[in-house]
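Next comes entry.pdb, a file with PDB, C-alpha atoms.
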ATOM      1  CA  MET W   1     120.160 107.214 150.065
ATOM      2  CA  LYS W   2     116.486 108.141 150.041
ATOM      3  CA  GLU W   3     114.043 105.736 148.441
ATOM      4  CA  VAL W   4     113.318 106.297 144.751
ATOM      5  CA  THR W   5     109.727 107.349 144.052
ATOM      6  CA  VAL W   6     109.926 108.198 140.355
ATOM      7  CA  LEU W   7     112.235 106.721 137.746
ATOM      8  CA  GLY W   8     112.496 108.437 134.378
ATOM      9  CA  ILE W   9     114.052 106.296 131.644
ATOM     10  CA  ASP W  10     115.171 107.659 128.288
ATOM     11  CA  LEU W  11     114.936 104.620 126.021
ATOM     12  CA  ALA W  12     117.607 103.708 123.481
ATOM     13  CA  LYS W  13     119.020 100.648 121.722
ATOM     14  CA  ALA W  14     122.197 100.066 123.746
ATOM     15  CA  VAL W  15     122.647 102.673 126.508
ATOM     16  CA  PHE W  16     119.752 104.005 128.618
ATOM     17  CA  GLN W  17     119.690 107.168 130.712
ATOM     18  CA  ILE W  18     118.010 106.817 134.118
ATOM     19  CA  HIS W  19     116.890 109.687 136.346
ATOM     20  CA  GLY W  20     115.650 109.013 139.895
ATOM     21  CA  ASN W  21     113.625 111.373 142.095
ATOM     22  CA  ASP W  22     112.463 111.045 145.696
ATOM     23  CA  SER W  23     108.952 111.790 146.952
ATOM     24  CA  ARG W  24     109.696 115.547 147.080
ATOM     25  CA  GLY W  25     110.972 115.653 143.510
ATOM     26  CA  LYS W  26     114.622 115.994 144.483
ATOM     27  CA  THR W  27     117.145 114.379 142.143
ATOM     28  CA  LEU W  28     118.829 111.308 143.607
ATOM     29  CA  PHE W  29     120.822 110.203 140.567
ATOM     30  CA  ASN W  30     121.016 110.588 136.794
ATOM     31  CA  ARG W  31     123.284 108.078 135.093
ATOM     32  CA  LYS W  32     123.691 105.776 132.127
ATOM     33  CA  ILE W  33     123.120 102.041 132.175
ATOM     34  CA  SER W  34     123.625  99.365 129.526
ATOM     35  CA  ARG W  35     120.789  97.379 128.026
ATOM     36  CA  SER W  36     121.994  94.112 129.567
ATOM     37  CA  LYS W  37     121.895  95.559 133.101
ATOM     38  CA  LEU W  38     118.637  97.517 132.874
ATOM     39  CA  VAL W  39     116.285  94.752 134.041
ATOM     40  CA  GLU W  40     118.607  93.841 136.918
ATOM     41  CA  PHE W  41     118.763  97.471 138.049
ATOM     42  CA  VAL W  42     114.986  97.924 137.940
ATOM     43  CA  ALA W  43     114.440  94.574 139.700
ATOM     44  CA  ASN W  44     116.648  95.728 142.601
ATOM     45  CA  THR W  45     114.777  99.038 142.846
ATOM     46  CA  PRO W  46     111.812  99.133 145.273
ATOM     47  CA  PRO W  47     108.402  99.420 143.571
ATOM     48  CA  CYS W  48     108.006 102.932 142.181
ATOM     49  CA  ILE W  49     106.569 104.898 139.254
ATOM     50  CA  ILE W  50     108.543 104.410 136.051
ATOM     51  CA  GLY W  51     108.050 106.966 133.305
ATOM     52  CA  MET W  52     108.998 106.520 129.665
ATOM     53  CA  GLU W  53     108.202 108.121 126.343
ATOM     54  CA  ALA W  54     105.758 106.190 124.148
ATOM     55  CA  CYS W  55     108.279 105.267 121.472
ATOM     56  CA  GLY W  56     109.841 102.165 119.928
ATOM     57  CA  GLY W  57     110.294  99.419 122.513
ATOM     58  CA  ALA W  58     108.281 101.223 125.208
ATOM     59  CA  ASN W  59     105.504  98.618 125.363
ATOM     60  CA  HIS W  60     108.020  95.779 125.745
ATOM     61  CA  TRP W  61     109.853  97.466 128.614
ATOM     62  CA  ALA W  62     106.576  98.508 130.229
ATOM     63  CA  ARG W  63     105.391  94.897 130.367
ATOM     64  CA  GLU W  64     108.741  93.771 131.772
ATOM     65  CA  PHE W  65     108.728  96.441 134.491
ATOM     66  CA  GLU W  66     105.106  95.743 135.429
ATOM     67  CA  LYS W  67     106.051  92.108 136.003
ATOM     68  CA  LEU W  68     108.594  93.369 138.557
ATOM     69  CA  GLY W  69     105.858  95.206 140.509
ATOM     70  CA  HIS W  70     106.410  98.744 139.219
ATOM     71  CA  LYS W  71     103.769 101.169 137.987
ATOM     72  CA  VAL W  72     104.558 102.268 134.434
ATOM     73  CA  ARG W  73     103.413 105.514 132.830
ATOM     74  CA  LEU W  74     103.963 106.099 129.119
ATOM     75  CA  THR W  75     103.813 109.674 127.867
ATOM     76  CA  ALA W  76     103.698 111.021 124.328
ATOM     77  CA  PRO W  77     107.029 112.685 123.408
ATOM     78  CA  GLN W  78     105.358 116.009 122.560
ATOM     79  CA  PHE W  79     104.092 116.242 126.154
ATOM     80  CA  VAL W  80     107.591 115.650 127.553
ATOM     81  CA  LYS W  81     109.329 118.264 125.398
ATOM     82  CA  PRO W  82     108.116 121.326 127.415
ATOM     83  CA  PHE W  83     109.873 119.926 130.516
ATOM     84  CA  VAL W  84     113.307 119.707 128.854
ATOM     85  CA  LYS W  85     115.588 122.353 130.372
ATOM     86  CA  SER W  86     118.129 124.164 128.229
ATOM     87  CA  ASN W  87     119.735 121.980 125.545
ATOM     88  CA  LYS W  88     118.376 118.578 124.599
ATOM     89  CA  ASN W  89     120.434 115.536 125.595
ATOM     90  CA  ASP W  90     119.843 112.131 127.178
ATOM     91  CA  LYS W  91     120.368 113.441 130.697
ATOM     92  CA  ALA W  92     117.906 116.301 130.233
ATOM     93  CA  ASP W  93     115.395 113.984 128.533
ATOM     94  CA  ALA W  94     115.406 111.481 131.418
ATOM     95  CA  GLU W  95     114.909 114.309 133.921
ATOM     96  CA  ALA W  96     112.064 115.756 131.847
ATOM     97  CA  ILE W  97     110.334 112.371 131.667
ATOM     98  CA  ALA W  98     110.532 111.930 135.439
ATOM     99  CA  GLU W  99     109.001 115.364 135.929
ATOM    100  CA  ALA W 100     106.325 115.014 133.237
ATOM    101  CA  VAL W 101     104.867 111.734 134.521
ATOM    102  CA  MET W 102     104.176 113.320 137.924
ATOM    103  CA  ARG W 103     102.036 116.138 136.541
ATOM    104  CA  PRO W 104      98.446 115.668 137.828
ATOM    105  CA  ASN W 105      96.848 116.569 134.481
ATOM    106  CA  MET W 106      99.259 114.671 132.254
ATOM    107  CA  ARG W 107      97.822 112.315 129.625
ATOM    108  CA  PHE W 108      99.254 108.828 129.489
ATOM    109  CA  VAL W 109      99.360 106.107 126.860
ATOM    110  CA  SER W 110      98.014 102.684 127.789
ATOM    111  CA  VAL W 111     100.444  99.775 127.599
ATOM    112  CA  LYS W 112      99.638  97.357 124.774
ATOM    113  CA  ARG W 113      99.277  93.658 125.406
ATOM    114  CA  ILE W 114     101.435  91.313 123.361
ATOM    115  CA  GLU W 115      98.336  90.129 121.440
ATOM    116  CA  GLN W 116      97.579  93.714 120.411
ATOM    117  CA  GLN W 117     101.120  94.228 119.210
ATOM    118  CA  ASN W 118     100.826  91.067 117.128
ATOM    119  CA  ILE W 119      97.725  92.424 115.384
ATOM    120  CA  GLN W 120      99.362  95.794 114.873
ATOM    121  CA  ALA W 121     102.427  94.109 113.361
ATOM    122  CA  ILE W 122     100.216  92.313 110.831
ATOM    123  CA  HIS W 123      98.652  95.645 109.875
ATOM    124  CA  ARG W 124     102.014  97.391 109.535
ATOM    125  CA  VAL W 125     103.523  94.674 107.334
ATOM    126  CA  ARG W 126     100.333  94.367 105.270
ATOM    127  CA  GLN W 127     100.222  98.111 104.719
ATOM    128  CA  GLY W 128     103.842  98.017 103.593
ATOM    129  CA  ARG W 129     103.008  95.352 101.005
ATOM    130  CA  VAL W 130      99.986  97.355  99.809
ATOM    131  CA  LYS W 131     102.171 100.436  99.322
ATOM    132  CA  ALA W 132     104.798  98.339  97.521
ATOM    133  CA  ARG W 133     102.099  96.907  95.229
ATOM    134  CA  THR W 134     100.755 100.363  94.413
ATOM    135  CA  ALA W 135     104.259 101.671  93.714
ATOM    136  CA  LEU W 136     105.009  98.714  91.424
ATOM    137  CA  ILE W 137     101.774  99.191  89.471
ATOM    138  CA  ASN W 138     102.554 102.891  89.023
ATOM    139  CA  GLU W 139     106.044 101.939  87.877
ATOM    140  CA  CYS W 140     104.543  99.620  85.251
ATOM    141  CA  HIS W 141     102.302 102.399  83.982
ATOM    142  CA  GLY W 142     105.204 104.840  83.766
ATOM    143  CA  LEU W 143     107.688 102.495  82.105
ATOM    144  CA  LEU W 144     105.300 101.181  79.477
ATOM    145  CA  LEU W 145     103.998 104.641  78.664
ATOM    146  CA  GLU W 146     107.478 105.349  77.268
ATOM    147  CA  TYR W 147     106.836 102.505  74.783
ATOM    148  CA  GLY W 148     103.497 103.939  73.729
ATOM    149  CA  VAL W 149     101.473 101.471  75.833
ATOM    150  CA  VAL W 150      98.655 102.847  78.006
ATOM    151  CA  LEU W 151      97.533 100.232  80.541
ATOM    152  CA  LYS W 152      93.991 100.088  81.868
ATOM    153  CA  ARG W 153      93.440 101.153  85.483
ATOM    154  CA  ALA W 154      91.072  98.343  86.560
ATOM    155  CA  SER W 155      92.982  95.525  88.258
ATOM    156  CA  LYS W 156      91.692  92.658  86.122
ATOM    157  CA  ALA W 157      92.130  94.549  82.856
ATOM    158  CA  PHE W 158      95.587  95.736  83.990
ATOM    159  CA  PHE W 159      96.889  92.181  84.424
ATOM    160  CA  GLN W 160      95.281  91.124  81.136
ATOM    161  CA  ASP W 161      97.136  93.900  79.331
ATOM    162  CA  LEU W 162     100.438  92.865  80.919
ATOM    163  CA  ALA W 163      99.881  89.198  80.003
ATOM    164  CA  GLU W 164      99.248  90.156  76.385
ATOM    165  CA  LEU W 165     102.372  92.318  76.255
ATOM    166  CA  VAL W 166     104.694  89.517  77.455
ATOM    167  CA  SER W 167     103.111  86.821  75.288
ATOM    168  CA  PRO W 168     105.302  85.378  72.491
ATOM    169  CA  GLU W 169     102.892  86.661  69.842
ATOM    170  CA  SER W 170     103.206  90.283  70.960
ATOM    171  CA  LYS W 171     105.615  92.477  69.003
ATOM    172  CA  THR W 172     105.101  95.655  71.033
ATOM    173  CA  LEU W 173     108.055  95.117  73.408
ATOM    174  CA  THR W 174     111.568  93.857  72.912
ATOM    175  CA  ALA W 175     112.705  90.549  74.402
ATOM    176  CA  ASP W 176     114.604  92.308  77.202
ATOM    177  CA  MET W 177     111.584  94.437  78.096
ATOM    178  CA  LYS W 178     109.305  91.392  78.057
ATOM    179  CA  GLU W 179     111.612  89.680  80.558
ATOM    180  CA  LEU W 180     111.579  92.758  82.793
ATOM    181  CA  VAL W 181     107.773  93.058  82.705
ATOM    182  CA  ALA W 182     107.374  89.317  83.378
ATOM    183  CA  GLY W 183     109.461  89.744  86.536
ATOM    184  CA  MET W 184     107.271  92.633  87.657
ATOM    185  CA  ILE W 185     104.141  90.542  87.062
ATOM    186  CA  GLU W 186     105.571  87.751  89.203
ATOM    187  CA  GLU W 187     106.413  90.217  91.976
ATOM    188  CA  LEU W 188     102.878  91.640  91.864
ATOM    189  CA  HIS W 189     101.392  88.161  92.204
ATOM    190  CA  GLN W 190     103.634  87.470  95.217
ATOM    191  CA  LEU W 191     102.470  90.690  96.865
ATOM    192  CA  ASP W 192      98.845  89.757  96.160
ATOM    193  CA  VAL W 193      99.369  86.377  97.823
ATOM    194  CA  TYR W 194     100.893  87.938 100.934
ATOM    195  CA  ILE W 195      98.133  90.565 101.217
ATOM    196  CA  ALA W 196      95.491  87.835 100.836
ATOM    197  CA  LYS W 197      97.124  85.802 103.641
ATOM    198  CA  ALA W 198      97.220  88.852 105.908
ATOM    199  CA  ASP W 199      93.541  89.584 105.169
ATOM    200  CA  ALA W 200      92.620  85.984 105.996
ATOM    201  CA  LYS W 201      94.518  86.206 109.289
ATOM    202  CA  LEU W 202      92.778  89.461 110.201
ATOM    203  CA  ARG W 203      89.365  87.948 109.379
ATOM    204  CA  GLN W 204      90.168  85.051 111.705
ATOM    205  CA  ILE W 205      91.184  87.439 114.491
ATOM    206  CA  ALA W 206      88.048  89.542 113.975
ATOM    207  CA  HIS W 207      85.860  86.447 114.183
ATOM    208  CA  GLN W 208      87.474  85.309 117.439
ATOM    209  CA  ASN W 209      87.592  88.718 119.139
ATOM    210  CA  GLU W 210      84.352  89.813 120.794
ATOM    211  CA  ASP W 211      85.122  93.542 120.603
ATOM    212  CA  CYS W 212      85.928  93.245 116.893
ATOM    213  CA  ARG W 213      82.603  91.543 116.242
ATOM    214  CA  ARG W 214      80.803  94.344 118.096
ATOM    215  CA  ILE W 215      82.286  97.259 116.187
ATOM    216  CA  HIS W 216      82.184  95.354 112.897
ATOM    217  CA  GLU W 217      78.393  95.801 113.002
ATOM    218  CA  ILE W 218      78.776  99.589 112.665
ATOM    219  CA  PRO W 219      78.162 100.826 109.084
ATOM    220  CA  GLY W 220      81.449 101.702 107.414
ATOM    221  CA  ILE W 221      83.554  99.558 109.778
ATOM    222  CA  GLY W 222      85.061  96.476 108.146
ATOM    223  CA  VAL W 223      87.452  93.781 109.312
ATOM    224  CA  ILE W 224      90.571  95.854 108.621
ATOM    225  CA  THR W 225      89.294  98.868 110.567
ATOM    226  CA  ALA W 226      87.921  96.779 113.443
ATOM    227  CA  THR W 227      91.161  94.883 114.033
ATOM    228  CA  ALA W 228      93.246  98.064 113.666
ATOM    229  CA  ILE W 229      91.148  99.800 116.344
ATOM    230  CA  ILE W 230      91.483  96.854 118.727
ATOM    231  CA  ALA W 231      95.254  96.797 118.220
ATOM    232  CA  ALA W 232      95.695 100.549 118.766
ATOM    233  CA  VAL W 233      93.369 101.069 121.749
ATOM    234  CA  PRO W 234      94.378  98.944 124.769
ATOM    235  CA  ASP W 235      91.821 100.554 127.078
ATOM    236  CA  PRO W 236      88.976 102.704 125.665
ATOM    237  CA  LYS W 237      88.219 104.037 129.163
ATOM    238  CA  THR W 238      91.454 106.002 128.927
ATOM    239  CA  PHE W 239      89.290 108.521 127.068
ATOM    240  CA  LYS W 240      86.564 110.354 128.959
ATOM    241  CA  ASN W 241      84.057 110.209 126.122
ATOM    242  CA  GLY W 242      83.656 109.591 122.434
ATOM    243  CA  ARG W 243      84.603 113.141 121.494
ATOM    244  CA  GLU W 244      87.949 112.807 123.240
ATOM    245  CA  PHE W 245      88.551 109.543 121.368
ATOM    246  CA  SER W 246      87.647 111.242 118.090
ATOM    247  CA  ALA W 247      89.986 114.131 118.938
ATOM    248  CA  TRP W 248      92.772 111.617 119.612
ATOM    249  CA  LEU W 249      92.257 110.358 116.061
ATOM    250  CA  GLY W 250      92.456 113.890 114.640
ATOM    251  CA  LEU W 251      88.851 113.980 113.404
ATOM    252  CA  VAL W 252      87.741 117.163 115.196
ATOM    253  CA  PRO W 253      88.353 120.793 114.150
ATOM    254  CA  ARG W 254      91.502 122.629 115.168
ATOM    255  CA  GLN W 255      90.954 125.703 117.321
ATOM    256  CA  ASN W 256      92.590 129.112 117.166
ATOM    257  CA  SER W 257      90.553 130.894 119.813
ATOM    258  CA  SER W 258      91.463 133.851 121.969
ATOM    259  CA  GLY W 259      89.737 136.583 123.947
ATOM    260  CA  GLY W 260      86.422 134.780 123.984
ATOM    261  CA  ARG W 261      86.366 134.569 120.186
ATOM    262  CA  SER W 262      86.097 130.957 118.998
ATOM    263  CA  VAL W 263      87.658 130.107 115.636
ATOM    264  CA  LEU W 264      87.359 126.575 114.258
ATOM    265  CA  LEU W 265      89.567 125.397 111.397
ATOM    266  CA  GLY W 266      89.919 122.114 109.510
ATOM    267  CA  ILE W 267      90.363 118.779 111.276
ATOM    268  CA  SER W 268      93.525 118.541 113.369
ATOM    269  CA  LYS W 269      94.843 115.327 111.722
ATOM    270  CA  ARG W 270      96.580 114.382 114.962
ATOM    271  CA  GLY W 271      97.132 110.858 116.201
ATOM    272  CA  ASP W 272      97.352 107.676 114.163
ATOM    273  CA  SER W 273      97.057 108.577 110.466
ATOM    274  CA  TYR W 274      96.463 104.904 109.550
ATOM    275  CA  LEU W 275      93.359 104.642 111.769
ATOM    276  CA  ARG W 276      92.087 108.005 110.571
ATOM    277  CA  THR W 277      92.499 106.928 106.950
ATOM    278  CA  LEU W 278      90.551 103.715 107.548
ATOM    279  CA  LEU W 279      87.710 105.583 109.262
ATOM    280  CA  VAL W 280      87.549 108.146 106.451
ATOM    281  CA  HIS W 281      87.400 105.358 103.850
ATOM    282  CA  GLY W 282      84.574 103.782 105.851
ATOM    283  CA  GLY W 283      82.773 107.123 105.960
ATOM    284  CA  ARG W 284      83.151 107.395 102.194
ATOM    285  CA  SER W 285      81.361 104.066 101.695
ATOM    286  CA  VAL W 286      78.494 105.200 103.935
ATOM    287  CA  VAL W 287      78.099 108.511 102.086
ATOM    288  CA  ARG W 288      78.273 106.841  98.673
ATOM    289  CA  LEU W 289      75.352 104.539  99.501
ATOM    290  CA  ALA W 290      73.406 106.997 101.670
ATOM    291  CA  ASP W 291      70.792 107.771  98.983
ATOM    292  CA  GLN W 292      70.038 104.070  98.557
ATOM    293  CA  ARG W 293      69.265 103.427 102.234
ATOM    294  CA  SER W 294      66.607 104.660 104.613
ATOM    295  CA  ASP W 295      68.202 104.168 108.048
ATOM    296  CA  ARG W 296      68.846 107.143 110.303
ATOM    297  CA  LEU W 297      72.629 107.288 109.744
ATOM    298  CA  SER W 298      72.241 107.195 105.963
ATOM    299  CA  ARG W 299      69.617 109.948 106.020
ATOM    300  CA  TRP W 300      71.882 112.045 108.250
ATOM    301  CA  ALA W 301      74.874 111.445 105.935
ATOM    302  CA  ALA W 302      72.812 112.333 102.863
ATOM    303  CA  GLU W 303      71.673 115.581 104.483
ATOM    304  CA  LYS W 304      75.272 116.449 105.405
ATOM    305  CA  GLN W 305      76.347 115.781 101.841
ATOM    306  CA  ARG W 306      73.601 118.039 100.497
ATOM    307  CA  THR W 307      74.274 120.931 102.872
ATOM    308  CA  ARG W 308      78.032 120.700 103.529
ATOM    309  CA  GLY W 309      79.469 118.867 100.539
ATOM    310  CA  THR W 310      80.770 115.343 100.013
ATOM    311  CA  ASN W 311      84.178 115.654 101.683
ATOM    312  CA  ARG W 312      82.822 117.227 104.855
ATOM    313  CA  ALA W 313      80.065 114.639 104.996
ATOM    314  CA  ILE W 314      82.658 111.836 104.776
ATOM    315  CA  VAL W 315      84.689 113.264 107.657
ATOM    316  CA  ALA W 316      81.510 113.851 109.667
ATOM    317  CA  VAL W 317      80.562 110.171 109.292
ATOM    318  CA  ALA W 318      84.108 109.136 110.287
ATOM    319  CA  ASN W 319      83.836 111.354 113.376
ATOM    320  CA  LYS W 320      80.459 109.894 114.294
ATOM    321  CA  ASN W 321      81.726 106.320 113.781
ATOM    322  CA  ALA W 322      84.700 107.019 116.057
ATOM    323  CA  ARG W 323      82.337 108.126 118.829
ATOM    324  CA  ILE W 324      80.134 105.073 118.305
ATOM    325  CA  ILE W 325      83.202 102.803 118.451
ATOM    326  CA  TRP W 326      84.227 104.323 121.776
ATOM    327  CA  ALA W 327      80.739 103.824 123.225
ATOM    328  CA  VAL W 328      80.583 100.198 122.080
ATOM    329  CA  LEU W 329      84.053  99.358 123.435
ATOM    330  CA  ALA W 330      83.860 101.325 126.694
ATOM    331  CA  LYS W 331      80.384 100.089 127.650
ATOM    332  CA  LYS W 332      80.821  96.552 126.248
ATOM    333  CA  GLU W 333      77.469  96.832 124.498
ATOM    334  CA  GLU W 334      76.243  95.611 121.139
ATOM    335  CA  TYR W 335      75.750  98.183 118.414
ATOM    336  CA  ARG W 336      72.094  99.071 118.063
ATOM    337  CA  GLN W 337      71.096 100.849 114.898
ATOM    338  CA  ALA W 338      68.819 103.829 115.469
ATOM    339  CA  ALA W 339      65.259 103.392 114.288
TER
END
Taking this structure as input, can you express it in the form of structure tokens?
Amino acid sequence: MKEVTVLGIDLAKAVFQIHGNDSRGKTLFNRKISRSKLVEFVANTPPCIIGMEACGGANHWAREFEKLGHKVRLTAPQFVKPFVKSNKNDKADAEAIAEAVMRPNMRFVSVKRIEQQNIQAIHRVRQGRVKARTALINECHGLLLEYGVVLKRASKAFFQDLAELVSPESKTLTADMKELVAGMIEELHQLDVYIAKADAKLRQIAHQNEDCRRIHEIPGIGVITATAIIAAVPDPKTFKNGREFSAWLGLVPRQNSSGGRSVLLGISKRGDSYLRTLLVHGGRSVVRLADQRSDRLSRWAAEKQRTRGTNRAIVAVANKNARIIWAVLAKKEEYRQAA
């Protein structure tokens, strides 16, 4: 049998589909293999290019295969889809992956280090607790509104109102409702404790990581955003320039151009929505304080707000910060504020 040059693997939980091509692109085999035998099979295969979709478990398998001397290429699923022939199934997917990773102009996803996945896991779990906390607060507002109680929105005042409602002196709620609200208060405090621990861990990581400390100096970039960027971007040089990095985050206009006529629409909102949200929140803080500062970025943001409106100014600052982040990370330079 000819030597395998490209190996396309359709990832799964238990059974994987493997498609092998030779140097001329001819199919050598396309078969299923169990999870327990996958590493053994790849270890017995001569060093080759292994292609996979960038999905759950891809980074783990990529690190394992790289240890065995193979070159791994991860591709976004939307770039593999055009290569699927006829109906979609595991066999067709594995073949499409093997073909897609050999395209000369294909874009690939960098493999994350285990340290980056650890940081990303902290962010994912923290964000889940934040969403749970918000949902529980909204639930408190909705339930108590049925009893004629309107809670204050500010966090400190909100908890003060709840404490007064469950106190023995209060006659607003029944005993059963007081017990229910007391349980919700306890759950909120537990969520606050977990979020505080996650924030402390992220501050520690940001302090120890040199790249985090660099981009943390950029206006509008805090500890949460800095650590999230470091976790999501294994190699900034994967992008040609800052605009390409900003486009990857979905912060550039969508195009609908044809026949030499250029039409620009709203931002594309592609890529990681969590990172984009953090950058937009950072841009909002810059725009809000722009009139109180005299540096070049603040003056630029204030002018954008005056001429284009607040929302567009916020996105413009987020776009600019994304480009600055790429420059700082790719060139390993300190952030220097413009005079």
Could you build a table of the residues in segment 68-148 of chain W lying no more than 12 Å from segment 204-223 of chain W, giving for each the nearest pair of atoms and their separation in Å rounded to one decimal place, using all atoms listed in the file, ordered by chain and ascending residue number, as CSV?
residue,atom,partner,partner_atom,distance
W:Glu115,CA,W:Ile205,CA,10.3
W:Gln116,CA,W:Ile205,CA,10.7
W:Asn118,CA,W:Ile205,CA,10.6
W:Ile119,CA,W:Ile205,CA,8.3
W:Gln120,CA,W:Ile205,CA,11.7
W:Ile122,CA,W:Ile205,CA,10.9
W:His123,CA,W:Val223,CA,11.4
Q | Evaluate the PyMOL selection byres ((chain W and resi 330-336) around 12) and report residues as an MDAnalysis selection string | A | chainID W and resid 210:219 221 230 233:242 245 295:297 321 323:329 337:339
Any chance you can output those residues with C-alpha atoms as a PDB file, in the coordinates of the input?
ATOM      1  CA  GLU W 210      84.352  89.813 120.794  1.00  0.00           C
ATOM      2  CA  ASP W 211      85.122  93.542 120.603  1.00  0.00           C
ATOM      3  CA  CYS W 212      85.928  93.245 116.893  1.00  0.00           C
ATOM      4  CA  ARG W 213      82.603  91.543 116.242  1.00  0.00           C
ATOM      5  CA  ARG W 214      80.803  94.344 118.096  1.00  0.00           C
ATOM      6  CA  ILE W 215      82.286  97.259 116.187  1.00  0.00           C
ATOM      7  CA  HIS W 216      82.184  95.354 112.897  1.00  0.00           C
ATOM      8  CA  GLU W 217      78.393  95.801 113.002  1.00  0.00           C
ATOM      9  CA  ILE W 218      78.776  99.589 112.665  1.00  0.00           C
ATOM     10  CA  PRO W 219      78.162 100.826 109.084  1.00  0.00           C
ATOM     11  CA  ILE W 221      83.554  99.558 109.778  1.00  0.00           C
ATOM     12  CA  ILE W 230      91.483  96.854 118.727  1.00  0.00           C
ATOM     13  CA  VAL W 233      93.369 101.069 121.749  1.00  0.00           C
ATOM     14  CA  PRO W 234      94.378  98.944 124.769  1.00  0.00           C
ATOM     15  CA  ASP W 235      91.821 100.554 127.078  1.00  0.00           C
ATOM     16  CA  PRO W 236      88.976 102.704 125.665  1.00  0.00           C
ATOM     17  CA  LYS W 237      88.219 104.037 129.163  1.00  0.00           C
ATOM     18  CA  THR W 238      91.454 106.002 128.927  1.00  0.00           C
ATOM     19  CA  PHE W 239      89.290 108.521 127.068  1.00  0.00           C
ATOM     20  CA  LYS W 240      86.564 110.354 128.959  1.00  0.00           C
ATOM     21  CA  ASN W 241      84.057 110.209 126.122  1.00  0.00           C
ATOM     22  CA  GLY W 242      83.656 109.591 122.434  1.00  0.00           C
ATOM     23  CA  PHE W 245      88.551 109.543 121.368  1.00  0.00           C
ATOM     24  CA  ASP W 295      68.202 104.168 108.048  1.00  0.00           C
ATOM     25  CA  ARG W 296      68.846 107.143 110.303  1.00  0.00           C
ATOM     26  CA  LEU W 297      72.629 107.288 109.744  1.00  0.00           C
ATOM     27  CA  ASN W 321      81.726 106.320 113.781  1.00  0.00           C
ATOM     28  CA  ARG W 323      82.337 108.126 118.829  1.00  0.00           C
ATOM     29  CA  ILE W 324      80.134 105.073 118.305  1.00  0.00           C
ATOM     30  CA  ILE W 325      83.202 102.803 118.451  1.00  0.00           C
ATOM     31  CA  TRP W 326      84.227 104.323 121.776  1.00  0.00           C
ATOM     32  CA  ALA W 327      80.739 103.824 123.225  1.00  0.00           C
ATOM     33  CA  VAL W 328      80.583 100.198 122.080  1.00  0.00           C
ATOM     34  CA  LEU W 329      84.053  99.358 123.435  1.00  0.00           C
ATOM     35  CA  GLN W 337      71.096 100.849 114.898  1.00  0.00           C
ATOM     36  CA  ALA W 338      68.819 103.829 115.469  1.00  0.00           C
ATOM     37  CA  ALA W 339      65.259 103.392 114.288  1.00  0.00           C
TER      38      ALA W 339
END
Q. What do you get, as a PyMOL selection string, if you spell out every residue that the PyMOL selection byres ((chain W and resi 173-178) around 10) selects here?
A. chain W and resi 143-144+147-149+162-163+165-168+170-172+179-184
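Comparing W:Asn21, W:Arg299, W:Asn311, W:Ala226 by their smallest distance to Leu275 of chain W, the closest is W:Ala226 (using all atoms listed in the file).
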Q.
Residue by residue, what does the PyMOL selection byres ((chain W and resi 3) around 9) grab here? Present the result as a list in words.
A.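 What the PyMOL selection byres ((chain W and resi 3) around 9) grabs from the file is Met1, Lys2, Val4, Thr5, Asn21, Asp22, Ser23, Leu28, Thr45 and Pro46 of chain W.
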Deliver the residues from the most recent selection as a file, using C-alpha atoms, as a PDB file, keeping the file's coordinate frame.
ATOM      1  CA  MET W   1     120.160 107.214 150.065  1.00  0.00           C
ATOM      2  CA  LYS W   2     116.486 108.141 150.041  1.00  0.00           C
ATOM      3  CA  VAL W   4     113.318 106.297 144.751  1.00  0.00           C
ATOM      4  CA  THR W   5     109.727 107.349 144.052  1.00  0.00           C
ATOM      5  CA  ASN W  21     113.625 111.373 142.095  1.00  0.00           C
ATOM      6  CA  ASP W  22     112.463 111.045 145.696  1.00  0.00           C
ATOM      7  CA  SER W  23     108.952 111.790 146.952  1.00  0.00           C
ATOM      8  CA  LEU W  28     118.829 111.308 143.607  1.00  0.00           C
ATOM      9  CA  THR W  45     114.777  99.038 142.846  1.00  0.00           C
ATOM     10  CA  PRO W  46     111.812  99.133 145.273  1.00  0.00           C
TER      11      PRO W  46
END
Q: Between atom CA of Phe108 of chain W and atom CA of Ser36 of chain W, measure the distance and give it in Å to one decimal.
A: 27.1 Å
Q: Rounded to one decimal place, report the atom CA of Leu191 of chain W-atom CA of Val150 of chain W distance in Å.
A: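 Those two atoms sit 22.8 Å apart.
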With N, CA and C atoms as the target, complete segment 214-219 of chain W and hand it back as an mmCIF file, keeping the file's coordinate frame.
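See result_34.cif below for the written result:
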data_model
loop_
_atom_site.group_PDB
_atom_site.id
_atom_site.type_symbol
_atom_site.label_atom_id
_atom_site.label_comp_id
_atom_site.auth_asym_id
_atom_site.auth_seq_id
_atom_site.Cartn_x
_atom_site.Cartn_y
_atom_site.Cartn_z
ATOM 1 N N ARG W 214 81.734 93.279 117.721
ATOM 2 C CA ARG W 214 80.803 94.344 118.096
ATOM 3 C C ARG W 214 80.923 95.539 117.156
ATOM 4 N N ILE W 215 82.137 96.043 116.989
ATOM 5 C CA ILE W 215 82.286 97.259 116.187
ATOM 6 C C ILE W 215 82.200 96.976 114.688
ATOM 7 N N HIS W 216 82.318 95.700 114.307
ATOM 8 C CA HIS W 216 82.184 95.354 112.897
ATOM 9 C C HIS W 216 80.743 95.545 112.415
ATOM 10 N N GLU W 217 79.795 95.596 113.357
ATOM 11 C CA GLU W 217 78.393 95.801 113.002
ATOM 12 C C GLU W 217 78.092 97.252 112.646
ATOM 13 N N ILE W 218 79.002 98.174 112.950
ATOM 14 C CA ILE W 218 78.776 99.589 112.665
ATOM 15 C C ILE W 218 78.940 99.830 111.171
ATOM 16 N N PRO W 219 78.023 100.541 110.528
ATOM 17 C CA PRO W 219 78.162 100.826 109.084
ATOM 18 C C PRO W 219 79.467 101.558 108.789
#
